[in-house]
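Visitor: Let me begin by handing over the structure; questions about it come next.
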Amino acid sequence: MDADSAQDLRCLANRDMLLRALSNLIRNAIQHAGESGKVTVRAARVGAEVIVGVTDSGVPLAREVGEQAFTAEGQLSTKNVSGGRYSRGLGLYAARIAAGVAGATVRCNPAEEARFELCVTGR
């Protein structure tokens with residue numbers, strides 16, 4: 001956790017739902033980083049958004065999976081696909097739903113690195 005990166009960042013969101021979304025992204029990262037892998041959580045302001053990035057040393061989300069990984073059907077269909085980033089308890093789908101309720105979005109750049117971003121409008 002890069003605690004210094006979050007100093008003085010403020011955003012408007014439902015705190016409980018935002019925490020659920022972030023928790024699911026972190027659990028996915030831990031699962032895919034493996035026992036000796038690394039997970040980094042870093043927050044930053046980019047323009048009008050506060051972005052909390054969760055990066056891990058695991059296999060990135062495959063390009064062909066893309067947004068499908070954030071749906072219930074996609075989590076089930078990509079369970080055995082290399083780069084599908086399946087999460088226990090439909091984690092990526094749950095992260096997207098919780099983020100939406102919180103007033104945030106979840107995004108990623110498939111196949112560039114194992115990184116998900118939780119994006120919230122700053123204040």
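How things are named: the first chain in the structure tokens is A, the next is B, and so on; residues count from 1 in each chain; ligands count from 1 in the order shown.
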List the neighbours of range 102-117 of chain A out to 6 Å using only C-alpha atoms; skip same-chain residues closer than 6 positions along the sequence, and give me the result as a list in words.
Guide: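 The contact residues come out as Ala13, Asn14, Met17, Leu18, Val52, Gly53, Val54, Thr55, Asp56, Pro60, Leu61, Ala62, Arg63 and Arg96 of chain A.
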Visitor: Since we have the selection now, will you write its residues out, keeping all heavy atoms, as a compact mmCIF listing (two decimals), in the first residue's frame?
Guide:
# COMPACT_ATOMS: atom_id res chain seq x y z
N ALA A 13 -18.51 9.58 -2.99
CA ALA A 13 -18.92 8.21 -3.27
C ALA A 13 -19.54 7.61 -2.02
O ALA A 13 -19.30 8.09 -0.90
CB ALA A 13 -17.72 7.38 -3.70
N ASN A 14 -20.30 6.54 -2.22
CA ASN A 14 -20.81 5.78 -1.09
C ASN A 14 -19.63 4.99 -0.52
O ASN A 14 -19.08 4.10 -1.19
CB ASN A 14 -21.92 4.84 -1.56
CG ASN A 14 -22.46 3.99 -0.43
OD1 ASN A 14 -21.74 3.19 0.16
ND2 ASN A 14 -23.74 4.14 -0.16
N MET A 17 -19.87 0.98 -0.28
CA MET A 17 -19.84 0.31 -1.58
C MET A 17 -18.48 0.48 -2.26
O MET A 17 -17.99 -0.44 -2.92
CB MET A 17 -20.95 0.85 -2.49
CG MET A 17 -22.34 0.41 -2.07
SD MET A 17 -22.57 -1.38 -2.25
CE MET A 17 -22.76 -1.87 -0.56
N LEU A 18 -17.87 1.63 -2.08
CA LEU A 18 -16.53 1.85 -2.64
C LEU A 18 -15.53 0.89 -2.00
O LEU A 18 -14.69 0.31 -2.69
CB LEU A 18 -16.10 3.31 -2.43
CG LEU A 18 -14.91 3.78 -3.24
CD1 LEU A 18 -15.22 3.76 -4.72
CD2 LEU A 18 -14.52 5.19 -2.81
N VAL A 52 -7.87 4.85 -7.81
CA VAL A 52 -7.18 3.90 -6.94
C VAL A 52 -6.80 2.72 -7.83
O VAL A 52 -7.68 2.01 -8.33
CB VAL A 52 -8.06 3.45 -5.76
CG1 VAL A 52 -7.29 2.47 -4.89
CG2 VAL A 52 -8.55 4.64 -4.95
N GLY A 53 -5.51 2.55 -8.05
CA GLY A 53 -5.02 1.47 -8.90
C GLY A 53 -4.58 0.28 -8.08
O GLY A 53 -3.92 0.43 -7.07
N VAL A 54 -4.98 -0.90 -8.52
CA VAL A 54 -4.58 -2.15 -7.88
C VAL A 54 -3.81 -2.93 -8.94
O VAL A 54 -4.37 -3.35 -9.95
CB VAL A 54 -5.80 -2.96 -7.39
CG1 VAL A 54 -5.35 -4.26 -6.75
CG2 VAL A 54 -6.63 -2.14 -6.41
N THR A 55 -2.51 -3.09 -8.71
CA THR A 55 -1.64 -3.77 -9.67
C THR A 55 -1.04 -5.00 -9.00
O THR A 55 -0.69 -4.96 -7.83
CB THR A 55 -0.49 -2.82 -10.10
OG1 THR A 55 -1.06 -1.60 -10.56
CG2 THR A 55 0.34 -3.43 -11.21
N ASP A 56 -0.93 -6.08 -9.76
CA ASP A 56 -0.31 -7.29 -9.20
C ASP A 56 0.65 -7.90 -10.21
O ASP A 56 0.68 -7.51 -11.38
CB ASP A 56 -1.37 -8.29 -8.74
CG ASP A 56 -2.18 -8.87 -9.88
OD1 ASP A 56 -1.65 -9.73 -10.63
OD2 ASP A 56 -3.34 -8.49 -10.03
N PRO A 60 -1.98 -10.69 -16.71
CA PRO A 60 -2.98 -9.64 -16.97
C PRO A 60 -4.27 -10.22 -17.55
O PRO A 60 -4.29 -11.33 -18.08
CB PRO A 60 -2.31 -8.74 -18.02
CG PRO A 60 -0.90 -9.14 -18.08
CD PRO A 60 -0.80 -10.54 -17.55
N LEU A 61 -5.31 -9.45 -17.48
CA LEU A 61 -6.58 -9.81 -18.10
C LEU A 61 -6.36 -9.93 -19.60
O LEU A 61 -5.78 -9.03 -20.22
CB LEU A 61 -7.63 -8.74 -17.80
CG LEU A 61 -9.04 -8.98 -18.31
CD1 LEU A 61 -9.67 -10.16 -17.58
CD2 LEU A 61 -9.89 -7.74 -18.11
N ALA A 62 -6.82 -11.02 -20.20
CA ALA A 62 -6.64 -11.24 -21.63
C ALA A 62 -7.49 -10.26 -22.44
O ALA A 62 -8.61 -9.95 -22.06
CB ALA A 62 -7.02 -12.67 -21.99
N ARG A 63 -6.94 -9.77 -23.54
CA ARG A 63 -7.66 -8.80 -24.40
C ARG A 63 -9.01 -9.33 -24.85
O ARG A 63 -9.99 -8.59 -24.88
CB ARG A 63 -6.84 -8.46 -25.64
CG ARG A 63 -5.70 -7.54 -25.38
CD ARG A 63 -5.10 -7.08 -26.71
NE ARG A 63 -3.79 -6.51 -26.55
CZ ARG A 63 -3.56 -5.30 -26.08
NH1 ARG A 63 -4.55 -4.54 -25.72
NH2 ARG A 63 -2.32 -4.86 -25.95
N ARG A 96 -17.56 -4.44 -9.97
CA ARG A 96 -18.23 -3.51 -10.90
C ARG A 96 -19.58 -3.07 -10.36
O ARG A 96 -19.91 -1.88 -10.39
CB ARG A 96 -18.42 -4.15 -12.27
CG ARG A 96 -19.06 -3.17 -13.28
CD ARG A 96 -19.33 -3.82 -14.62
NE ARG A 96 -20.26 -4.91 -14.56
CZ ARG A 96 -21.59 -4.78 -14.61
NH1 ARG A 96 -22.14 -3.60 -14.70
NH2 ARG A 96 -22.37 -5.83 -14.58
Visitor: Once DSSP has gone over the backbone, tell me which residues of chain A are in alpha helix (DSSP H), as an MDAnalysis selection string.
Guide: chainID A and resid 15:33 72:77 91:102
Visitor: Using the chain letters and numbers from this document, which residues of chain A does DSSP assign to strand (DSSP E), as a list of chain:residue names?
Guide: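 Across chain A, those assigned strand (DSSP E) are A:Val39, A:Thr40, A:Val41, A:Arg42, A:Ala43, A:Ala44, A:Arg45, A:Val46, A:Glu49, A:Val50, A:Ile51, A:Val52, A:Gly53, A:Val54, A:Thr55, A:Asp56, A:Ala104, A:Thr105, A:Val106, A:Arg107, A:Cys108, A:Arg115, A:Phe116, A:Glu117, A:Leu118, A:Cys119, A:Val120, A:Thr121.
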Visitor: As a ChimeraX atom specification, please: the residues near Ile30 in chain A (cut-off 12 Å, only C-alpha atoms, same-chain neighbours under 2 positions excluded).
Guide: /A:23-28,32-41,54-59,85,87-88,91,114-115
Visitor: With only C-alpha atoms as the basis for distance, which of A:Ala43, A:Ala48, A:Val65, A:Gly122 is at the shortest distance from Asn80 in chain A?
Guide: A:Val65
Visitor: Which of these residues is nearest to Leu9 in chain A, using only C-alpha atoms: A:Gly66, A:Arg45, A:Gly84, A:Ala29?
Guide: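 Counting only C-alpha atoms, the residue closest to Leu9 in chain A is A:Arg45.
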Visitor: Which value, in Å to one decimal, gives the distance between CA of Ala72 in chain A and CA of Leu118 in chain A?
Guide: 18.6 Å
Visitor: What does the structure give for the distance between CA of Tyr93 in chain A and CA of Asp16 in chain A, in Å to one decimal?
Guide: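 Spanning CA of Tyr93 in chain A to CA of Asp16 in chain A is a straight-line distance of 16.7 Å.
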Visitor: By how many Å are CA of Ala44 in chain A and CA of Ile97 in chain A apart?
Guide: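 Atom-to-atom, CA of Ala44 in chain A to CA of Ile97 in chain A, that is 22.3 Å.
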